[in-house]
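Engineer: Structure provided below as structure tokens; questions to follow.
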Amino acid sequence: MDRIRIVGGQRLNGTIPISGAKNATLPLMIASLLTADTLVLENVPRLADVRLLQHILGNHGVDVMIAGKRPGEPDNAGQTLHISAKNIVDTTAPYDLVSRMRASFWVIAPLVARMGEARVSMPGGCAIGTRPVDLLIMALEQLGAEIEIDGGYVVARARKGLRGGAIKFPKVTVSGTHVAVMAAALANGTTVIDNAACEPEIGDVADCLNKMGARISGAGTPRIVIEGVAKLNGARHAVLPDRIETGTYAMAVAMTGGDVLLQNTRPELLQAGLDVLVEAGVGITPTNEGIRVSRNGSALRPVAVTTQPFPGFPTDLQAQLMALMTRARGTSHITETIFENRFMHVQELARLGARIHLDGERATIEGVEKLKGAPVMATDLRASVSLVIAALAAEGETMVNRVYHLDRGFERLEAKLGACGAVIERISG
Ligand code: UD1
């Protein structure tokens with residue numbers, strides 16, 4: 001397995017291009033199952049999760065063609081995927097595939113909506129908690145699907161098609177909202193979703209579905225109204241910028257000091273995250289090209305942050321913020337309210353010299369004068385990148401093991417940081 005070696009202490013200066021959002025790309029690829037026509041997705045990031053989903057969709061009979069490079073196209077341009085689910089040959093998503101990527105469970109929605117039937121393995125727990133799918137099932141039932149649990153599989157049936165209905169989520173769920181919107185797009189009649197997730201990726205998927213002929217309004221607000229249509233068409237859609245990648249590099253620059261332009265991204269996608277950085281003493285300047293992040297000499301101030309659904313501070317930036325606060329002058333508090341077990345980075349950060357105390361869902365971080373490099377590893381995506389951020393400011397060498405997790409969600413991480421002056425290399429094998 002690859003490792004990443006980092007020698008800390010360099011400031012970051014230059015430009016980092018931000019890729020298309022992983023968390024929009026995955027549901028957009030899954031939405032291709034809703035139509036027999038070709039869906040063209042632009043600005044798709046080159047990520048292990050995208051390749052894995054391509055494989056999973058292939059199992060259902062979906063063809064994915066990746067367009068070659070165009071003349072004059074920069075190295076960092078996103079990929080263009082031509083996705084065709086003309087013939088769905090199999091409505092079963094097996095355990096060995098779904099267990100490798102939780103989001104692939106979401107295929108249940110387009111499969112039952114278009115084919116009247118789906119048999120999808122329950123994903124099981126994962127490193128950040130139990131992560132149940134009860135609300136996804138509830139949403140499908142509200143749209144008339146009959147659900148049965150059989151041998152670890154969720155079997156959804158709607159022989160005569162789904163029908164519009166009222167879905168009220170008892171808690172905000174991104175996965176539940178994606179599933180409800182996709183299923184309702186092809187249901188007979190009108191669906192109203194209340195307490196819907198407002199994450200920008202929900203809006204992006206709804207925009208794409210509307211280009212495909214769906215009739216969705218209110219995506220990005222807590223109430224989404226969908227008038228079902230009988231059939232969806234192909235479309236061309238560019239994936240929105242990755243707000244988590246944006247926030248991650250913003251925190252890396254905040255950690256090392258320096259001045260970096262985060263290109264092709266927009267501040268409104270992560271305003272709560274940027275506000276916290278400003279509070280910590282980091283310079284944030286929106287420009288026509290993206291967001292400029294700078295810190296020159298000043299100490300980091302401690303912050304108190306609670307993760308919340310959008311537009312609050314995202315759980316997917318919690319680990320990175322914690323890494324940053326290990327070097328603040330004073331004591332910070334971070335409360336995690338979205339996932340039950342999302343503090344696995346704490347023990348690894350401690351190996352680098354961080355002082356963090358955990359009490360249930362609340363972490364208290366006492367800023368330290370310096371971190372010191374060490375071998376570390378992590379078992380989830382955002383936790384691994386928090387170790388990279390810490391390593392960039394640690395004295396000496398840090399070896400980040402199990403880079404597999406980073407490759408799931410961060411495109412060419414070592415190239416992007418290396419181009420701004422970080423001493424970072426991938427060691428294969
Ligand atoms: C998505 C993101 C993930 C992000 C998370 C929260 C993708 C591919 N992943 O994950 O990066 O961290 O949103 O912003 O977009 N829940 C239930 N029952 C359900 C579904 C969810 O109890 O049926 C709970 C979860 O356990 C969790 C909370 O609801 O505590 C939020 O989960 P959800 O928003 O659904 O997260 P994901 O869509 O899995």
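Every chain in the structure tokens has a letter given in the order shown (A, B, ...), and although residue numbers restart at 1 in each chain, ligands are simply numbered from 1 in the order shown.
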As a PyMOL selection string, please: the residues near Arg51 of chain A (cut-off 12 Å, only C-alpha atoms, same-chain neighbours under 4 positions excluded).

Structural biologist: chain A and resi 22+25-26+29+44-47+55-58+64-66+79+81+100-101+407-409

Engineer: Taking only C-alpha atoms and all ligand atoms and a cut-off of 7 Å, can you tell me which residues surround ligand 1, written as an mmCIF file with N, CA and C atoms, in the first residue's frame?

Structural biologist:
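Final output, selection.cif:
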```cif
data_model
loop_
_atom_site.group_PDB
_atom_site.id
_atom_site.type_symbol
_atom_site.label_atom_id
_atom_site.label_comp_id
_atom_site.auth_asym_id
_atom_site.auth_seq_id
_atom_site.Cartn_x
_atom_site.Cartn_y
_atom_site.Cartn_z
ATOM 1 N N ASN A 23 -18.730 14.417 -3.501
ATOM 2 C CA ASN A 23 -20.060 14.119 -2.955
ATOM 3 C C ASN A 23 -21.209 14.549 -3.861
ATOM 4 N N ALA A 24 -20.891 15.252 -4.954
ATOM 5 C CA ALA A 24 -21.916 15.475 -5.977
ATOM 6 C C ALA A 24 -21.715 14.465 -7.103
ATOM 7 N N LEU A 26 -20.745 11.372 -7.056
ATOM 8 C CA LEU A 26 -21.277 10.026 -6.795
ATOM 9 C C LEU A 26 -22.795 9.965 -7.036
ATOM 10 N N ALA A 103 -22.058 4.905 -0.383
ATOM 11 C CA ALA A 103 -22.969 5.682 -1.232
ATOM 12 C C ALA A 103 -23.576 4.827 -2.344
ATOM 13 N N THR A 130 -22.356 3.556 13.130
ATOM 14 C CA THR A 130 -23.263 2.540 12.600
ATOM 15 C C THR A 130 -23.863 2.955 11.248
ATOM 16 N N ARG A 131 -24.098 4.211 11.050
ATOM 17 C CA ARG A 131 -24.632 4.768 9.797
ATOM 18 C C ARG A 131 -25.777 3.932 9.205
ATOM 19 N N PRO A 132 -26.932 3.989 9.848
ATOM 20 C CA PRO A 132 -28.080 3.200 9.380
ATOM 21 C C PRO A 132 -28.679 3.750 8.078
ATOM 22 N N VAL A 133 -29.569 2.952 7.448
ATOM 23 C CA VAL A 133 -30.256 3.394 6.221
ATOM 24 C C VAL A 133 -31.774 3.434 6.428
ATOM 25 N N ASP A 134 -32.195 3.462 7.715
ATOM 26 C CA ASP A 134 -33.633 3.422 8.005
ATOM 27 C C ASP A 134 -34.404 4.573 7.350
ATOM 28 N N LEU A 135 -33.808 5.748 7.292
ATOM 29 C CA LEU A 135 -34.537 6.904 6.742
ATOM 30 C C LEU A 135 -34.632 6.836 5.222
ATOM 31 N N LEU A 136 -33.674 6.171 4.600
ATOM 32 C CA LEU A 136 -33.739 5.978 3.145
ATOM 33 C C LEU A 136 -34.900 5.027 2.826
ATOM 34 N N ILE A 137 -35.016 3.990 3.662
ATOM 35 C CA ILE A 137 -36.088 3.012 3.478
ATOM 36 C C ILE A 137 -37.444 3.671 3.723
ATOM 37 N N LYS A 171 -34.571 13.672 11.038
ATOM 38 C CA LYS A 171 -33.284 14.368 11.156
ATOM 39 C C LYS A 171 -32.758 14.636 9.749
ATOM 40 N N VAL A 172 -31.898 15.633 9.658
ATOM 41 C CA VAL A 172 -31.389 16.013 8.340
ATOM 42 C C VAL A 172 -30.449 14.928 7.835
ATOM 43 N N THR A 173 -30.729 14.406 6.651
ATOM 44 C CA THR A 173 -29.875 13.379 6.091
ATOM 45 C C THR A 173 -29.615 13.640 4.610
ATOM 46 N N VAL A 174 -28.344 13.696 4.265
ATOM 47 C CA VAL A 174 -27.934 13.921 2.887
ATOM 48 C C VAL A 174 -28.315 12.703 2.042
ATOM 49 N N SER A 175 -27.968 11.518 2.548
ATOM 50 C CA SER A 175 -28.269 10.301 1.785
ATOM 51 C C SER A 175 -29.773 10.140 1.603
ATOM 52 N N GLY A 176 -30.544 10.369 2.665
ATOM 53 C CA GLY A 176 -31.998 10.242 2.589
ATOM 54 C C GLY A 176 -32.573 11.215 1.573
ATOM 55 N N PRO A 309 -25.499 20.343 10.040
ATOM 56 C CA PRO A 309 -25.829 20.244 8.610
ATOM 57 C C PRO A 309 -25.622 21.609 7.939
ATOM 58 N N PRO A 314 -19.235 22.013 8.454
ATOM 59 C CA PRO A 314 -19.398 20.614 8.021
ATOM 60 C C PRO A 314 -18.587 19.603 8.831
ATOM 61 N N THR A 315 -19.200 18.484 9.101
ATOM 62 C CA THR A 315 -18.486 17.400 9.784
ATOM 63 C C THR A 315 -17.272 16.948 8.960
ATOM 64 N N ASP A 316 -17.354 17.093 7.648
ATOM 65 C CA ASP A 316 -16.248 16.654 6.801
ATOM 66 C C ASP A 316 -15.024 17.568 6.896
ATOM 67 N N ILE A 338 -22.834 15.168 14.080
ATOM 68 C CA ILE A 338 -23.406 14.441 12.931
ATOM 69 C C ILE A 338 -23.130 12.935 13.028
ATOM 70 N N PHE A 339 -21.882 12.571 13.285
ATOM 71 C CA PHE A 339 -21.534 11.156 13.358
ATOM 72 C C PHE A 339 -21.066 10.805 14.771
ATOM 73 N N GLU A 340 -21.343 9.568 15.167
ATOM 74 C CA GLU A 340 -21.144 9.193 16.573
ATOM 75 C C GLU A 340 -19.684 8.886 16.912
#
```

Engineer: Taking only segment 16-105 of chain A into account, list the residues labelled strand (DSSP E) by DSSP (computed from the backbone), as a PyMOL selection string.

Structural biologist: chain A and resi 16-17+38-44+63-66+79-84+92-93

Engineer: With a distance cut-off of 12 Å and only C-alpha atoms, select the neighbouring residues of Tyr404 of chain A, excluding the residue or stretch itself and same-chain residues fewer than 3 positions from it, and output the selection as a ChimeraX atom specification.

Structural biologist: /A:1-4,47-49,377-382,384-385,400-401,407-411,426,428-429

Engineer: Would you save the residues from that selection as a short mmCIF file (atom, residue, chain, number, x, y, z; two decimals), in the first residue's frame, using N, CA, C and O atoms?

Structural biologist:
```cif
data_model
loop_
_atom_site.label_atom_id
_atom_site.label_comp_id
_atom_site.auth_asym_id
_atom_site.auth_seq_id
_atom_site.Cartn_x
_atom_site.Cartn_y
_atom_site.Cartn_z
N MET A 1 0.84 -1.20 0.00
CA MET A 1 0.00 0.00 0.00
C MET A 1 0.87 1.26 0.00
O MET A 1 1.89 1.29 0.69
N ASP A 2 0.48 2.26 -0.76
CA ASP A 2 1.28 3.49 -0.85
C ASP A 2 1.31 4.23 0.49
O ASP A 2 0.40 4.11 1.31
N ARG A 3 2.40 5.00 0.66
CA ARG A 3 2.50 5.86 1.85
C ARG A 3 2.83 7.27 1.37
O ARG A 3 3.32 7.44 0.25
N ILE A 4 2.59 8.25 2.21
CA ILE A 4 2.99 9.61 1.86
C ILE A 4 3.96 10.11 2.92
O ILE A 4 3.69 10.03 4.12
N LEU A 47 -10.75 10.11 -8.86
CA LEU A 47 -10.71 9.58 -7.49
C LEU A 47 -11.00 8.10 -7.49
O LEU A 47 -11.73 7.60 -8.34
N ALA A 48 -10.46 7.40 -6.50
CA ALA A 48 -10.71 5.97 -6.37
C ALA A 48 -12.20 5.69 -6.23
O ALA A 48 -12.72 4.71 -6.79
N ASP A 49 -12.94 6.55 -5.50
CA ASP A 49 -14.38 6.31 -5.31
C ASP A 49 -15.14 6.41 -6.63
O ASP A 49 -16.14 5.73 -6.83
N MET A 377 -1.38 6.67 10.84
CA MET A 377 -2.31 6.18 9.84
C MET A 377 -3.73 6.47 10.30
O MET A 377 -3.97 6.80 11.45
N ALA A 378 -4.66 6.38 9.37
CA ALA A 378 -6.04 6.66 9.74
C ALA A 378 -6.96 5.77 8.96
O ALA A 378 -6.59 5.22 7.93
N THR A 379 -8.17 5.65 9.46
CA THR A 379 -9.09 4.70 8.85
C THR A 379 -10.28 5.38 8.19
O THR A 379 -11.24 4.73 7.87
N ASP A 380 -10.23 6.68 8.03
CA ASP A 380 -11.24 7.28 7.15
C ASP A 380 -10.64 8.48 6.44
O ASP A 380 -9.59 9.00 6.80
N LEU A 381 -11.36 8.86 5.40
CA LEU A 381 -10.88 9.86 4.46
C LEU A 381 -10.48 11.19 5.09
O LEU A 381 -9.36 11.68 4.90
N ARG A 382 -11.41 11.79 5.82
CA ARG A 382 -11.15 13.12 6.35
C ARG A 382 -10.12 13.06 7.47
O ARG A 382 -9.35 13.98 7.67
N SER A 384 -7.56 11.03 7.57
CA SER A 384 -6.22 10.91 6.97
C SER A 384 -5.70 12.28 6.55
O SER A 384 -4.53 12.58 6.74
N VAL A 385 -6.57 13.10 5.98
CA VAL A 385 -6.07 14.38 5.48
C VAL A 385 -5.77 15.33 6.64
O VAL A 385 -4.94 16.22 6.51
N VAL A 400 2.62 9.07 6.42
CA VAL A 400 1.19 8.78 6.53
C VAL A 400 0.93 7.46 5.81
O VAL A 400 1.11 7.36 4.60
N ASN A 401 0.52 6.47 6.57
CA ASN A 401 0.27 5.14 6.01
C ASN A 401 -1.19 5.03 5.57
O ASN A 401 -2.01 5.87 5.90
N ASP A 407 -6.76 8.72 -1.34
CA ASP A 407 -7.03 8.61 -2.77
C ASP A 407 -8.52 8.49 -3.07
O ASP A 407 -8.96 8.75 -4.18
N ARG A 408 -9.29 8.08 -2.07
CA ARG A 408 -10.74 8.00 -2.26
C ARG A 408 -11.33 9.38 -2.49
O ARG A 408 -12.33 9.51 -3.20
N GLY A 409 -10.74 10.40 -1.85
CA GLY A 409 -11.42 11.69 -1.88
C GLY A 409 -10.59 12.89 -2.26
O GLY A 409 -11.13 13.98 -2.41
N PHE A 410 -9.27 12.74 -2.39
CA PHE A 410 -8.45 13.90 -2.73
C PHE A 410 -7.62 13.60 -3.97
O PHE A 410 -6.79 12.70 -3.97
N GLU A 411 -7.88 14.38 -5.02
CA GLU A 411 -7.22 14.15 -6.29
C GLU A 411 -5.81 14.75 -6.27
O GLU A 411 -5.64 15.92 -5.96
N ARG A 426 4.99 10.62 -2.57
CA ARG A 426 4.31 9.35 -2.45
C ARG A 426 5.33 8.24 -2.56
O ARG A 426 6.20 8.27 -3.45
N SER A 428 5.59 4.34 -3.26
CA SER A 428 4.74 3.25 -3.72
C SER A 428 5.07 1.94 -3.04
O SER A 428 6.22 1.70 -2.67
N GLY A 429 4.07 1.09 -2.92
CA GLY A 429 4.25 -0.29 -2.48
C GLY A 429 4.11 -0.48 -1.00
O GLY A 429 3.98 0.39 -0.24
#
```

Engineer: With only C-alpha atoms as the counted atoms, please give the residues lying no more than 7 Å from Ala109 of chain A, apart from itself and same-chain residues fewer than 6 positions off, as a compact mmCIF listing (two decimals) with N, CA and C atoms, in the first residue's frame.

Structural biologist:
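Once written, part-v2.txt looks like this:
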```
# COMPACT_ATOMS: atom_id res chain seq x y z
N VAL A 179 -31.77 10.09 -2.05
CA VAL A 179 -32.60 8.94 -2.42
C VAL A 179 -34.04 9.38 -2.69
N MET A 182 -34.24 11.40 -6.06
CA MET A 182 -34.09 10.55 -7.25
C MET A 182 -35.34 9.70 -7.48
N ALA A 183 -35.85 9.11 -6.40
CA ALA A 183 -37.02 8.24 -6.54
C ALA A 183 -38.24 9.05 -6.97
```

Engineer: A:Ala31, A:Pro311, A:Leu277, A:Leu262: which is nearest Ala184 of chain A, counting only C-alpha atoms?

Structural biologist: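 Nearest to Ala184 of chain A: A:Ala31.
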
Engineer: To one decimal in Å, tell me the separation between atom CA of Ala422 of chain A and atom CA of Gly396 of chain A.

Structural biologist: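 Spanning atom CA of Ala422 of chain A to atom CA of Gly396 of chain A is a straight-line distance of 12.6 Å.
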
Engineer: Excluding segment 271-276 of chain A and its own-chain neighbours fewer than 6 positions away, which residues fall within 10 Å of it when counting only C-alpha atoms? Please give them as a ChimeraX atom specification.

Structural biologist: /A:243-244,246-248,250-251,282-285,291,293,302-305,307-308,310-314,317-318,321

Engineer: With N, CA and C atoms retained, write the just-selected residues as a CSV table (one decimal), in the first residue's frame.

Structural biologist:
```csv
chain,number,residue,atom,x,y,z
A,243,ARG,N,-16.3,21.6,-2.0
A,243,ARG,CA,-16.2,22.5,-0.8
A,243,ARG,C,-15.3,22.0,0.3
A,244,ILE,N,-15.3,20.6,0.4
A,244,ILE,CA,-14.5,20.0,1.4
A,244,ILE,C,-13.0,20.1,1.0
A,246,THR,N,-11.8,22.4,-0.8
A,246,THR,CA,-11.5,23.8,-0.7
A,246,THR,C,-11.1,24.1,0.8
A,247,GLY,N,-12.0,23.7,1.7
A,247,GLY,CA,-11.7,23.9,3.1
A,247,GLY,C,-10.5,23.2,3.6
A,248,THR,N,-10.2,22.1,3.1
A,248,THR,CA,-9.0,21.3,3.5
A,248,THR,C,-7.7,22.1,3.2
A,250,ALA,N,-7.6,25.2,2.5
A,250,ALA,CA,-7.6,26.5,3.2
A,250,ALA,C,-6.9,26.3,4.6
A,251,MET,N,-7.3,25.2,5.2
A,251,MET,CA,-6.7,24.9,6.6
A,251,MET,C,-5.2,24.5,6.5
A,282,VAL,N,-7.0,34.0,10.1
A,282,VAL,CA,-6.5,33.7,8.8
A,282,VAL,C,-7.1,34.7,7.8
A,283,GLY,N,-6.3,35.1,6.8
A,283,GLY,CA,-6.8,36.0,5.8
A,283,GLY,C,-7.6,35.3,4.7
A,284,ILE,N,-8.8,35.7,4.5
A,284,ILE,CA,-9.7,35.0,3.4
A,284,ILE,C,-10.2,36.1,2.5
A,285,THR,N,-9.8,36.0,1.2
A,285,THR,CA,-10.2,37.1,0.3
A,285,THR,C,-10.9,36.4,-1.0
A,291,ILE,N,-10.7,31.7,-4.1
A,291,ILE,CA,-10.5,32.2,-2.8
A,291,ILE,C,-9.0,32.3,-2.4
A,293,VAL,N,-6.2,32.5,0.4
A,293,VAL,CA,-6.0,32.2,1.8
A,293,VAL,C,-4.6,32.6,2.2
A,302,PRO,N,-7.6,30.4,19.1
A,302,PRO,CA,-8.4,29.2,19.3
A,302,PRO,C,-9.9,29.5,18.9
A,303,VAL,N,-10.7,28.5,18.6
A,303,VAL,CA,-12.1,28.7,18.3
A,303,VAL,C,-12.9,27.6,19.0
A,304,ALA,N,-14.2,27.9,19.0
A,304,ALA,CA,-15.2,26.9,19.5
A,304,ALA,C,-16.2,26.6,18.4
A,305,VAL,N,-16.3,25.4,18.0
A,305,VAL,CA,-17.1,25.0,16.8
A,305,VAL,C,-17.9,23.8,17.0
A,307,THR,N,-20.2,21.0,14.7
A,307,THR,CA,-20.6,20.6,13.4
A,307,THR,C,-22.1,20.5,13.3
A,308,GLN,N,-22.6,20.9,12.1
A,308,GLN,CA,-24.0,21.1,11.8
A,308,GLN,C,-24.3,20.7,10.4
A,310,PHE,N,-25.5,21.6,6.6
A,310,PHE,CA,-25.3,22.9,5.9
A,310,PHE,C,-26.5,23.8,6.2
A,311,PRO,N,-26.3,25.1,6.4
A,311,PRO,CA,-25.1,25.9,6.2
A,311,PRO,C,-24.1,25.9,7.3
A,312,GLY,N,-24.3,25.0,8.3
A,312,GLY,CA,-23.4,25.1,9.5
A,312,GLY,C,-22.0,24.5,9.1
A,313,PHE,N,-21.1,24.4,10.1
A,313,PHE,CA,-19.8,23.9,9.9
A,313,PHE,C,-19.8,22.4,9.6
A,314,PRO,N,-19.2,22.0,8.5
A,314,PRO,CA,-19.4,20.6,8.0
A,314,PRO,C,-18.6,19.6,8.8
A,317,LEU,N,-15.1,18.7,7.6
A,317,LEU,CA,-13.9,19.5,7.9
A,317,LEU,C,-13.5,19.5,9.4
A,318,GLN,N,-14.2,18.7,10.1
A,318,GLN,CA,-14.0,18.7,11.6
A,318,GLN,C,-12.5,18.2,11.9
A,321,LEU,N,-10.0,20.8,11.0
A,321,LEU,CA,-9.9,22.0,11.9
A,321,LEU,C,-9.2,21.6,13.2
```

Engineer: If you measure from atom CA of Ala319 of chain A to atom CA of Leu352 of chain A, what distance in Å do you get, rounded to one decimal?

Structural biologist: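 Value for the atom CA of Ala319 of chain A-atom CA of Leu352 of chain A distance: 14.4 Å.
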
Engineer: Taking the chain letters and numbering used in this document, name the residues of segment 7-232 of chain A that DSSP puts in helix (DSSP H, G or I), as a PDB file with C-alpha atoms, in the first residue's frame.

Structural biologist:
```
ATOM      1  CA  LYS A  22     -16.788  13.935  -4.896  1.00  0.00           C
ATOM      2  CA  ASN A  23     -20.060  14.119  -2.955  1.00  0.00           C
ATOM      3  CA  ALA A  24     -21.916  15.475  -5.977  1.00  0.00           C
ATOM      4  CA  THR A  25     -20.180  13.243  -8.523  1.00  0.00           C
ATOM      5  CA  LEU A  26     -21.277  10.026  -6.795  1.00  0.00           C
ATOM      6  CA  PRO A  27     -25.042  10.788  -6.717  1.00  0.00           C
ATOM      7  CA  LEU A  28     -24.843  12.310 -10.222  1.00  0.00           C
ATOM      8  CA  MET A  29     -23.334   9.094 -11.568  1.00  0.00           C
ATOM      9  CA  ILE A  30     -26.037   7.118  -9.745  1.00  0.00           C
ATOM     10  CA  ALA A  31     -28.721   9.406 -11.233  1.00  0.00           C
ATOM     11  CA  SER A  32     -27.647   8.196 -14.685  1.00  0.00           C
ATOM     12  CA  LEU A  33     -29.628   5.017 -13.887  1.00  0.00           C
ATOM     13  CA  LEU A  34     -32.828   7.066 -14.168  1.00  0.00           C
ATOM     14  CA  ALA A  48     -10.707   5.966  -6.371  1.00  0.00           C
ATOM     15  CA  ASP A  49     -14.377   6.314  -5.310  1.00  0.00           C
ATOM     16  CA  VAL A  50     -15.341   7.429  -8.829  1.00  0.00           C
ATOM     17  CA  ARG A  51     -13.569   4.423 -10.363  1.00  0.00           C
ATOM     18  CA  LEU A  52     -15.196   2.086  -7.862  1.00  0.00           C
ATOM     19  CA  LEU A  53     -18.664   3.472  -8.568  1.00  0.00           C
ATOM     20  CA  GLN A  54     -17.999   3.094 -12.292  1.00  0.00           C
ATOM     21  CA  HIS A  55     -17.320  -0.580 -11.602  1.00  0.00           C
ATOM     22  CA  ILE A  56     -20.461  -0.915  -9.458  1.00  0.00           C
ATOM     23  CA  LEU A  57     -22.650   0.717 -12.126  1.00  0.00           C
ATOM     24  CA  GLY A  58     -21.051  -1.526 -14.742  1.00  0.00           C
ATOM     25  CA  ASN A  59     -22.507  -4.438 -12.845  1.00  0.00           C
ATOM     26  CA  TYR A  95     -22.552  -7.056  -0.730  1.00  0.00           C
ATOM     27  CA  ASP A  96     -18.934  -7.189  -1.894  1.00  0.00           C
ATOM     28  CA  LEU A  97     -19.441  -3.964  -3.882  1.00  0.00           C
ATOM     29  CA  VAL A  98     -21.803  -1.994  -1.605  1.00  0.00           C
ATOM     30  CA  ARG A 102     -21.595   3.181   1.269  1.00  0.00           C
ATOM     31  CA  ALA A 103     -22.969   5.682  -1.232  1.00  0.00           C
ATOM     32  CA  SER A 104     -23.503   2.872  -3.740  1.00  0.00           C
ATOM     33  CA  PHE A 105     -26.507   1.832  -1.625  1.00  0.00           C
ATOM     34  CA  TRP A 106     -28.258   4.855  -3.165  1.00  0.00           C
ATOM     35  CA  VAL A 107     -28.678   2.949  -6.470  1.00  0.00           C
ATOM     36  CA  ILE A 108     -31.773   1.503  -4.794  1.00  0.00           C
ATOM     37  CA  ALA A 109     -33.705   4.703  -5.618  1.00  0.00           C
ATOM     38  CA  PRO A 110     -33.229   4.938  -9.404  1.00  0.00           C
ATOM     39  CA  LEU A 111     -33.452   1.157  -9.798  1.00  0.00           C
ATOM     40  CA  VAL A 112     -36.822   0.836  -8.085  1.00  0.00           C
ATOM     41  CA  ALA A 113     -38.091   4.032  -9.731  1.00  0.00           C
ATOM     42  CA  ARG A 114     -37.205   2.949 -13.273  1.00  0.00           C
ATOM     43  CA  MET A 115     -37.256  -0.843 -13.091  1.00  0.00           C
ATOM     44  CA  ASP A 134     -33.633   3.422   8.005  1.00  0.00           C
ATOM     45  CA  LEU A 135     -34.537   6.904   6.742  1.00  0.00           C
ATOM     46  CA  LEU A 136     -33.739   5.978   3.145  1.00  0.00           C
ATOM     47  CA  ILE A 137     -36.088   3.012   3.478  1.00  0.00           C
ATOM     48  CA  MET A 138     -38.745   5.192   5.091  1.00  0.00           C
ATOM     49  CA  ALA A 139     -38.538   7.643   2.172  1.00  0.00           C
ATOM     50  CA  LEU A 140     -38.984   4.865  -0.408  1.00  0.00           C
ATOM     51  CA  GLU A 141     -41.943   3.453   1.555  1.00  0.00           C
ATOM     52  CA  GLN A 142     -43.589   6.884   1.558  1.00  0.00           C
ATOM     53  CA  VAL A 174     -27.934  13.921   2.887  1.00  0.00           C
ATOM     54  CA  SER A 175     -28.269  10.301   1.785  1.00  0.00           C
ATOM     55  CA  GLY A 176     -31.998  10.242   2.589  1.00  0.00           C
ATOM     56  CA  THR A 177     -32.573  13.450   0.624  1.00  0.00           C
ATOM     57  CA  HIS A 178     -30.652  12.200  -2.436  1.00  0.00           C
ATOM     58  CA  VAL A 179     -32.601   8.937  -2.421  1.00  0.00           C
ATOM     59  CA  ALA A 180     -35.955  10.693  -1.976  1.00  0.00           C
ATOM     60  CA  VAL A 181     -35.285  13.198  -4.778  1.00  0.00           C
ATOM     61  CA  MET A 182     -34.091  10.555  -7.250  1.00  0.00           C
ATOM     62  CA  ALA A 183     -37.016   8.237  -6.541  1.00  0.00           C
ATOM     63  CA  ALA A 184     -39.614  11.028  -6.631  1.00  0.00           C
ATOM     64  CA  ALA A 185     -38.318  12.326  -9.980  1.00  0.00           C
ATOM     65  CA  PRO A 200     -24.943  22.357  -2.119  1.00  0.00           C
ATOM     66  CA  GLU A 201     -24.511  18.868  -3.612  1.00  0.00           C
ATOM     67  CA  ILE A 202     -28.282  18.304  -3.258  1.00  0.00           C
ATOM     68  CA  GLY A 203     -28.858  21.447  -5.337  1.00  0.00           C
ATOM     69  CA  ASP A 204     -26.288  20.343  -7.894  1.00  0.00           C
ATOM     70  CA  VAL A 205     -27.929  16.954  -8.393  1.00  0.00           C
ATOM     71  CA  ALA A 206     -31.380  18.597  -8.629  1.00  0.00           C
ATOM     72  CA  ASP A 207     -30.021  21.030 -11.268  1.00  0.00           C
ATOM     73  CA  CYS A 208     -28.765  18.104 -13.310  1.00  0.00           C
ATOM     74  CA  LEU A 209     -32.034  16.183 -12.908  1.00  0.00           C
ATOM     75  CA  ASN A 210     -33.964  19.264 -14.047  1.00  0.00           C
ATOM     76  CA  LYS A 211     -31.748  19.424 -17.157  1.00  0.00           C
TER      77      LYS A 211
END
```

Engineer: Which residues, written as a short mmCIF file (atom, residue, chain, number, x, y, z; two decimals) with C-alpha atoms, in the first residue's frame, have at least one atom at most 10 Å from Ala230 of chain A, with only C-alpha atoms counted and residues fewer than 4 positions away on the same chain left out?

Structural biologist:
```cif
data_model
loop_
_atom_site.label_atom_id
_atom_site.label_comp_id
_atom_site.auth_asym_id
_atom_site.auth_seq_id
_atom_site.Cartn_x
_atom_site.Cartn_y
_atom_site.Cartn_z
CA ARG A 114 -37.21 2.95 -13.27
CA GLY A 161 -44.21 2.40 -10.34
CA ALA A 185 -38.32 12.33 -9.98
CA LEU A 186 -39.93 9.33 -11.73
CA ALA A 187 -42.88 8.83 -9.35
CA ASN A 188 -46.45 9.32 -10.42
CA GLY A 189 -47.64 12.59 -8.82
CA GLY A 213 -36.42 16.83 -17.64
CA ALA A 214 -37.27 16.44 -13.94
#
```

Engineer: Can you work out which one of A:Pro286, A:Pro170, A:Pro71, A:Gly297 has the shortest atom-to-atom distance to Gly257 of chain A, counting only C-alpha atoms?

Structural biologist: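 Checking each candidate against Gly257 of chain A, we get A:Gly297 as the closest.
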